[in-house]
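K.L.:
Structure in structure tokens, see below.
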Amino acid sequence: MMPITQRLKQCQIEMATLIRQSLPPLDPTTPLFAAMHHACLNGGKRLRPLLVYTTAELFSVAKAQLNPLAVAIELIHCYSLIHDDLPAMDNDDLRRGQPTCHKLFGEATAILAGNALLTLAFEILAAQQNSAMALLSKAAGCQGMILGQALDLSPSLSPTQSTLIKMHQAKTGALIAASVQCGALLATPDQMTSLAEFGQAIGLAFQIQDDILDATGHTQKMGKHPQKDVKENKATFVTLLGLEKANSQMQHYYQKALSHLTPFGEKATPLRELARYMIKRDN
């Protein structure tokens, strides 16, 4: 079985090719297209596409069938990062070690590039995966990622553990869970429930690890500025619980995620390894 780091590297290489083929060709007269390429092809771990592919292995689905779906999910993720970095949102000027989209192309073009990537994702889905479209629409929309961002910006949101969980289940967990579910469209209802719960739990563990890295990491390694949430007085699992308890909560959700893979036995070993990578990463 291929080691998880090698699987991830292979996925990154393949996704770069697939995404480039899906984007409009670069045109010096159209900064919008350059902004879209910059946002999608400036690195990235490609965890969500790998979740699709790895989950689909449980059901012996050919990888080529999943390529449009994996691309669509990554385009949605990249769109969310463009908008998340905007001055009206998290106001970041560094992403994946490079200037954020609005810093290079201006706010207006960055907003349009994000909108274009989201629209392109559903254009790809419309031609390929109707069932997946419903899952991703919910995960990316007002009941998922956009709701999470709105909760993150809400001045009336009291910083408690339950409100943080609610926000991150929507902002981060929904698309991660949808990535798992989209790789399991041939699953039985019981299997789909187990995989959805795995996705939600590992999504929360992933986000808590993100908060831990924000508190302890370094710009060179992370490719973005750490401790930004603390400086802006934003609630995170670390600021709310402290580093030790945040780490304990991350381990709790990681173990919870693994428990939902029990029905799949040894076939789920690659998913378990990917889950472990997601909470052990250092960037």
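If you're wondering about the labels, chains in the structure tokens are A, B, ... by order shown, residues count from 1 in each chain, ligands from 1 in order shown.
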Skipping near chain neighbours, those fewer than 2 positions away, what residues fall within 9 Å of stretch 95-111 of chain A using only C-alpha atoms, listed as number ranges by chain?

P.N.:
A: 31-32, 34-36, 38-39, 42-44, 79, 81-83, 85-87, 92-93, 113-116, 219-225

K.L.:
Taking C-alpha atoms for each residue, export the selection above as a short mmCIF file (atom, residue, chain, number, x, y, z; two decimals), in the first residue's frame.

P.N.:
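Saved the output as result_2.cif:
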data_model
loop_
_atom_site.label_atom_id
_atom_site.label_comp_id
_atom_site.auth_asym_id
_atom_site.auth_seq_id
_atom_site.Cartn_x
_atom_site.Cartn_y
_atom_site.Cartn_z
CA PRO A 31 -6.74 39.57 -15.23
CA LEU A 32 -9.72 37.53 -14.01
CA ALA A 34 -4.85 35.04 -14.07
CA ALA A 35 -6.44 35.50 -10.64
CA MET A 36 -8.27 32.17 -10.97
CA HIS A 38 -3.15 32.04 -9.05
CA ALA A 39 -5.75 31.01 -6.49
CA ASN A 42 -0.24 28.23 -6.03
CA GLY A 43 0.22 25.03 -4.04
CA GLY A 44 -2.27 23.53 -1.62
CA TYR A 79 -12.99 30.11 -4.03
CA LEU A 81 -9.98 30.87 0.45
CA ILE A 82 -10.06 33.90 -1.88
CA HIS A 83 -13.12 35.29 -0.10
CA ASP A 85 -8.69 36.35 2.81
CA LEU A 86 -10.54 39.52 1.73
CA PRO A 87 -10.27 42.66 3.91
CA ASP A 92 -4.97 38.15 5.14
CA ASP A 93 -2.16 39.13 2.78
CA ALA A 113 -12.43 35.20 -9.38
CA GLY A 114 -13.98 33.52 -6.35
CA ASN A 115 -17.44 33.78 -7.87
CA ALA A 116 -16.13 32.42 -11.17
CA THR A 219 5.20 31.75 8.74
CA GLN A 220 7.88 29.93 6.72
CA LYS A 221 6.41 26.52 7.45
CA MET A 222 2.73 27.46 7.28
CA GLY A 223 2.82 29.78 4.28
CA LYS A 224 0.63 32.30 6.13
CA HIS A 225 0.93 34.54 9.16
#

K.L.:
Report, in Å with one decimal, the straight-line distance from atom CA of A:Glu123 to atom CA of A:Leu75.

P.N.:
11.2 Å

K.L.:
In stretch 15-167 of chain A, what's strand (DSSP E or B) per DSSP? Answer as a ChimeraX atom specification?

P.N.:
/A:94-95,98-99

K.L.:
Would you mind reading off the distance between atom CA of A:Ala187 and atom CA of A:Ser131, one decimal, in Å?

P.N.:
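Value for the atom CA of A:Ala187-atom CA of A:Ser131 distance: 12.5 Å.
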
K.L.:
What does the distance between atom CA of A:Gln161 and atom CA of A:Gln181 come to in Å, to one decimal place?

P.N.:
26.2 Å

K.L.:
Give the alpha helix (DSSP H) residues of stretch 31-255 of chain A, as assigned by DSSP on the backbone, as number ranges by chain.

P.N.:
A: 31-40, 47-56, 63-85, 101-105, 107-128, 130-140, 145-153, 161-168, 174-182, 189-216, 219-222, 228-231, 237-241, 243-255

K.L.:
So which residues touch stretch 48-50 of chain A within 10 Å, counting only C-alpha atoms, skipping near sequence neighbours fewer than 6 positions away, as an MDAnalysis selection string?

P.N.:
chainID A and resid 4 7:8 10:12 15 56 66:67 69:74 77 175:180 182:183 271 274

K.L.:
Export N, CA and C atoms of the chosen residues as a PDB file, in the first residue's frame?

P.N.:
ATOM      1  N   ILE A   4       0.931   7.400   2.850  1.00  0.00           N
ATOM      2  CA  ILE A   4       0.007   8.527   2.697  1.00  0.00           C
ATOM      3  C   ILE A   4       0.709   9.760   2.122  1.00  0.00           C
ATOM      4  N   ARG A   7       0.896   9.233  -1.561  1.00  0.00           N
ATOM      5  CA  ARG A   7      -0.438   9.385  -2.162  1.00  0.00           C
ATOM      6  C   ARG A   7      -0.800  10.860  -2.290  1.00  0.00           C
ATOM      7  N   LEU A   8      -0.472  11.621  -1.240  1.00  0.00           N
ATOM      8  CA  LEU A   8      -0.789  13.046  -1.249  1.00  0.00           C
ATOM      9  C   LEU A   8      -0.001  13.769  -2.328  1.00  0.00           C
ATOM     10  N   GLN A  10       1.229  12.514  -5.088  1.00  0.00           N
ATOM     11  CA  GLN A  10       0.693  12.118  -6.394  1.00  0.00           C
ATOM     12  C   GLN A  10      -0.604  12.858  -6.691  1.00  0.00           C
ATOM     13  N   CYS A  11      -1.451  12.980  -5.669  1.00  0.00           N
ATOM     14  CA  CYS A  11      -2.722  13.701  -5.839  1.00  0.00           C
ATOM     15  C   CYS A  11      -2.466  15.164  -6.181  1.00  0.00           C
ATOM     16  N   GLN A  12      -1.485  15.783  -5.536  1.00  0.00           N
ATOM     17  CA  GLN A  12      -1.167  17.188  -5.803  1.00  0.00           C
ATOM     18  C   GLN A  12      -0.724  17.384  -7.252  1.00  0.00           C
ATOM     19  N   MET A  15      -3.826  16.728  -9.560  1.00  0.00           N
ATOM     20  CA  MET A  15      -4.831  17.793  -9.456  1.00  0.00           C
ATOM     21  C   MET A  15      -4.369  19.067 -10.152  1.00  0.00           C
ATOM     22  N   ALA A  56     -13.677   6.526  -2.178  1.00  0.00           N
ATOM     23  CA  ALA A  56     -14.210   5.764  -3.311  1.00  0.00           C
ATOM     24  C   ALA A  56     -13.552   4.397  -3.448  1.00  0.00           C
ATOM     25  N   LEU A  66     -14.016   9.952 -10.989  1.00  0.00           N
ATOM     26  CA  LEU A  66     -14.107  10.917  -9.895  1.00  0.00           C
ATOM     27  C   LEU A  66     -13.372  12.219 -10.178  1.00  0.00           C
ATOM     28  N   ASN A  67     -12.599  12.260 -11.268  1.00  0.00           N
ATOM     29  CA  ASN A  67     -11.792  13.451 -11.520  1.00  0.00           C
ATOM     30  C   ASN A  67     -12.608  14.748 -11.599  1.00  0.00           C
ATOM     31  N   LEU A  69     -15.405  15.466 -10.200  1.00  0.00           N
ATOM     32  CA  LEU A  69     -15.893  15.735  -8.850  1.00  0.00           C
ATOM     33  C   LEU A  69     -14.773  16.293  -7.969  1.00  0.00           C
ATOM     34  N   ALA A  70     -13.590  15.686  -8.050  1.00  0.00           N
ATOM     35  CA  ALA A  70     -12.451  16.152  -7.254  1.00  0.00           C
ATOM     36  C   ALA A  70     -12.063  17.574  -7.639  1.00  0.00           C
ATOM     37  N   VAL A  71     -12.073  17.865  -8.933  1.00  0.00           N
ATOM     38  CA  VAL A  71     -11.752  19.222  -9.393  1.00  0.00           C
ATOM     39  C   VAL A  71     -12.786  20.219  -8.875  1.00  0.00           C
ATOM     40  N   ALA A  72     -14.060  19.873  -8.981  1.00  0.00           N
ATOM     41  CA  ALA A  72     -15.117  20.783  -8.530  1.00  0.00           C
ATOM     42  C   ALA A  72     -14.974  21.104  -7.051  1.00  0.00           C
ATOM     43  N   ILE A  73     -14.690  20.097  -6.247  1.00  0.00           N
ATOM     44  CA  ILE A  73     -14.532  20.323  -4.804  1.00  0.00           C
ATOM     45  C   ILE A  73     -13.345  21.241  -4.525  1.00  0.00           C
ATOM     46  N   GLU A  74     -12.248  21.032  -5.234  1.00  0.00           N
ATOM     47  CA  GLU A  74     -11.080  21.876  -4.996  1.00  0.00           C
ATOM     48  C   GLU A  74     -11.319  23.309  -5.476  1.00  0.00           C
ATOM     49  N   HIS A  77     -13.225  24.946  -2.754  1.00  0.00           N
ATOM     50  CA  HIS A  77     -12.318  25.251  -1.647  1.00  0.00           C
ATOM     51  C   HIS A  77     -11.478  26.490  -1.953  1.00  0.00           C
ATOM     52  N   LEU A 175     -17.582  20.947   4.048  1.00  0.00           N
ATOM     53  CA  LEU A 175     -16.966  20.589   2.762  1.00  0.00           C
ATOM     54  C   LEU A 175     -16.099  19.342   2.896  1.00  0.00           C
ATOM     55  N   ILE A 176     -15.451  19.173   4.046  1.00  0.00           N
ATOM     56  CA  ILE A 176     -14.670  17.951   4.275  1.00  0.00           C
ATOM     57  C   ILE A 176     -15.600  16.743   4.318  1.00  0.00           C
ATOM     58  N   ALA A 177     -16.715  16.859   5.049  1.00  0.00           N
ATOM     59  CA  ALA A 177     -17.685  15.760   5.106  1.00  0.00           C
ATOM     60  C   ALA A 177     -18.268  15.476   3.729  1.00  0.00           C
ATOM     61  N   ALA A 178     -18.554  16.527   2.962  1.00  0.00           N
ATOM     62  CA  ALA A 178     -19.101  16.349   1.622  1.00  0.00           C
ATOM     63  C   ALA A 178     -18.086  15.666   0.706  1.00  0.00           C
ATOM     64  N   SER A 179     -16.803  15.953   0.895  1.00  0.00           N
ATOM     65  CA  SER A 179     -15.762  15.296   0.090  1.00  0.00           C
ATOM     66  C   SER A 179     -15.790  13.791   0.327  1.00  0.00           C
ATOM     67  N   VAL A 180     -15.948  13.405   1.588  1.00  0.00           N
ATOM     68  CA  VAL A 180     -16.041  11.979   1.920  1.00  0.00           C
ATOM     69  C   VAL A 180     -17.305  11.379   1.309  1.00  0.00           C
ATOM     70  N   CYS A 182     -19.069  12.393  -1.203  1.00  0.00           N
ATOM     71  CA  CYS A 182     -19.040  12.365  -2.668  1.00  0.00           C
ATOM     72  C   CYS A 182     -18.215  11.194  -3.193  1.00  0.00           C
ATOM     73  N   GLY A 183     -17.301  10.704  -2.395  1.00  0.00           N
ATOM     74  CA  GLY A 183     -16.557   9.521  -2.780  1.00  0.00           C
ATOM     75  C   GLY A 183     -17.306   8.238  -2.476  1.00  0.00           C
ATOM     76  N   LEU A 271      -8.016   5.539   4.515  1.00  0.00           N
ATOM     77  CA  LEU A 271      -8.743   6.672   5.102  1.00  0.00           C
ATOM     78  C   LEU A 271      -8.242   6.964   6.506  1.00  0.00           C
ATOM     79  N   LEU A 274      -5.013   8.809   6.164  1.00  0.00           N
ATOM     80  CA  LEU A 274      -5.242  10.192   5.739  1.00  0.00           C
ATOM     81  C   LEU A 274      -5.748  11.022   6.914  1.00  0.00           C
TER      82      LEU A 274
END

K.L.:
Nearest residue to A:Ser194 out of A:Ala140, A:Leu153, A:Leu23, A:Ala257, using only C-alpha atoms?

P.N.:
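Result for the nearest residue to A:Ser194: A:Ala257.
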
K.L.:
Identify which of the residues A:His260, A:Lys245, A:Lys171, A:Lys166 lies closest to A:Met145, counting only C-alpha atoms when measuring atom-to-atom distances.

P.N.:
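Using only C-alpha atoms, A:Met145 sits closest to A:Lys171.
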
K.L.:
Choose the residue, out of A:Gly242, A:Pro159, A:Glu266, A:Asn283, that has the smallest atom-to-atom separation from A:Pro226; count only C-alpha atoms.

P.N.:
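Closest candidate: A:Asn283.
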
K.L.:
Quick one: everything within 12 Å of A:Gly141, counting only C-alpha atoms, minus sequence neighbours fewer than 2 positions away in the same chain. Send it as a PyMOL selection string.

P.N.:
chain A and resi 76+80+118+133-139+143-150+170-171+174-175

K.L.:
With N, CA and C atoms retained, export the selected residues as a PDB file, in the first residue's frame.

P.N.:
ATOM      1  N   ILE A  76     -14.196  24.847  -5.368  1.00  0.00           N
ATOM      2  CA  ILE A  76     -15.024  25.442  -4.314  1.00  0.00           C
ATOM      3  C   ILE A  76     -14.153  25.827  -3.126  1.00  0.00           C
ATOM      4  N   SER A  80     -13.386  29.630  -1.668  1.00  0.00           N
ATOM      5  CA  SER A  80     -13.632  30.012  -0.268  1.00  0.00           C
ATOM      6  C   SER A  80     -12.405  30.690   0.341  1.00  0.00           C
ATOM      7  N   LEU A 118     -16.500  29.234  -8.144  1.00  0.00           N
ATOM      8  CA  LEU A 118     -17.682  28.546  -7.612  1.00  0.00           C
ATOM      9  C   LEU A 118     -18.637  28.167  -8.743  1.00  0.00           C
ATOM     10  N   MET A 133     -23.910  17.120  -6.875  1.00  0.00           N
ATOM     11  CA  MET A 133     -24.258  18.538  -6.909  1.00  0.00           C
ATOM     12  C   MET A 133     -25.110  18.928  -5.706  1.00  0.00           C
ATOM     13  N   ALA A 134     -26.051  18.084  -5.349  1.00  0.00           N
ATOM     14  CA  ALA A 134     -26.901  18.377  -4.203  1.00  0.00           C
ATOM     15  C   ALA A 134     -26.090  18.409  -2.909  1.00  0.00           C
ATOM     16  N   LEU A 135     -25.186  17.444  -2.755  1.00  0.00           N
ATOM     17  CA  LEU A 135     -24.336  17.407  -1.559  1.00  0.00           C
ATOM     18  C   LEU A 135     -23.467  18.656  -1.457  1.00  0.00           C
ATOM     19  N   LEU A 136     -22.816  19.019  -2.553  1.00  0.00           N
ATOM     20  CA  LEU A 136     -21.886  20.140  -2.516  1.00  0.00           C
ATOM     21  C   LEU A 136     -22.592  21.483  -2.431  1.00  0.00           C
ATOM     22  N   SER A 137     -23.775  21.592  -3.038  1.00  0.00           N
ATOM     23  CA  SER A 137     -24.547  22.839  -2.927  1.00  0.00           C
ATOM     24  C   SER A 137     -24.852  23.137  -1.464  1.00  0.00           C
ATOM     25  N   LYS A 138     -25.265  22.111  -0.744  1.00  0.00           N
ATOM     26  CA  LYS A 138     -25.577  22.288   0.677  1.00  0.00           C
ATOM     27  C   LYS A 138     -24.320  22.595   1.480  1.00  0.00           C
ATOM     28  N   ALA A 139     -23.219  21.875   1.188  1.00  0.00           N
ATOM     29  CA  ALA A 139     -21.987  22.061   1.948  1.00  0.00           C
ATOM     30  C   ALA A 139     -21.368  23.439   1.713  1.00  0.00           C
ATOM     31  N   GLN A 143     -26.282  26.720   4.303  1.00  0.00           N
ATOM     32  CA  GLN A 143     -26.356  25.777   5.415  1.00  0.00           C
ATOM     33  C   GLN A 143     -24.985  25.178   5.734  1.00  0.00           C
ATOM     34  N   GLY A 144     -23.958  25.615   4.999  1.00  0.00           N
ATOM     35  CA  GLY A 144     -22.628  25.056   5.177  1.00  0.00           C
ATOM     36  C   GLY A 144     -21.573  26.132   5.293  1.00  0.00           C
ATOM     37  N   MET A 145     -20.676  26.180   4.302  1.00  0.00           N
ATOM     38  CA  MET A 145     -19.494  27.026   4.380  1.00  0.00           C
ATOM     39  C   MET A 145     -19.826  28.518   4.530  1.00  0.00           C
ATOM     40  N   ILE A 146     -20.809  28.998   3.780  1.00  0.00           N
ATOM     41  CA  ILE A 146     -21.156  30.421   3.867  1.00  0.00           C
ATOM     42  C   ILE A 146     -21.775  30.739   5.223  1.00  0.00           C
ATOM     43  N   LEU A 147     -22.594  29.824   5.743  1.00  0.00           N
ATOM     44  CA  LEU A 147     -23.129  30.007   7.099  1.00  0.00           C
ATOM     45  C   LEU A 147     -21.984  30.085   8.106  1.00  0.00           C
ATOM     46  N   GLY A 148     -21.004  29.208   7.986  1.00  0.00           N
ATOM     47  CA  GLY A 148     -19.869  29.224   8.912  1.00  0.00           C
ATOM     48  C   GLY A 148     -19.110  30.533   8.871  1.00  0.00           C
ATOM     49  N   GLN A 149     -18.896  31.070   7.667  1.00  0.00           N
ATOM     50  CA  GLN A 149     -18.211  32.351   7.551  1.00  0.00           C
ATOM     51  C   GLN A 149     -19.044  33.468   8.176  1.00  0.00           C
ATOM     52  N   ALA A 150     -20.356  33.416   7.973  1.00  0.00           N
ATOM     53  CA  ALA A 150     -21.235  34.429   8.571  1.00  0.00           C
ATOM     54  C   ALA A 150     -21.190  34.360  10.095  1.00  0.00           C
ATOM     55  N   ALA A 170     -19.796  24.053  10.083  1.00  0.00           N
ATOM     56  CA  ALA A 170     -20.278  24.633   8.834  1.00  0.00           C
ATOM     57  C   ALA A 170     -19.125  25.137   7.966  1.00  0.00           C
ATOM     58  N   LYS A 171     -18.230  25.915   8.564  1.00  0.00           N
ATOM     59  CA  LYS A 171     -17.207  26.613   7.781  1.00  0.00           C
ATOM     60  C   LYS A 171     -16.145  25.661   7.224  1.00  0.00           C
ATOM     61  N   ALA A 174     -18.199  21.004   6.842  1.00  0.00           N
ATOM     62  CA  ALA A 174     -19.217  20.656   5.844  1.00  0.00           C
ATOM     63  C   ALA A 174     -18.591  20.217   4.524  1.00  0.00           C
ATOM     64  N   LEU A 175     -17.582  20.947   4.048  1.00  0.00           N
ATOM     65  CA  LEU A 175     -16.966  20.589   2.762  1.00  0.00           C
ATOM     66  C   LEU A 175     -16.099  19.342   2.896  1.00  0.00           C
TER      67      LEU A 175
END

K.L.:
With distances taken over only C-alpha atoms, which of A:Phe237, A:Tyr277, A:Phe122, A:Tyr53 is nearest to A:Asp214?

P.N.:
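Selected residue with least distance to A:Asp214: A:Phe237.
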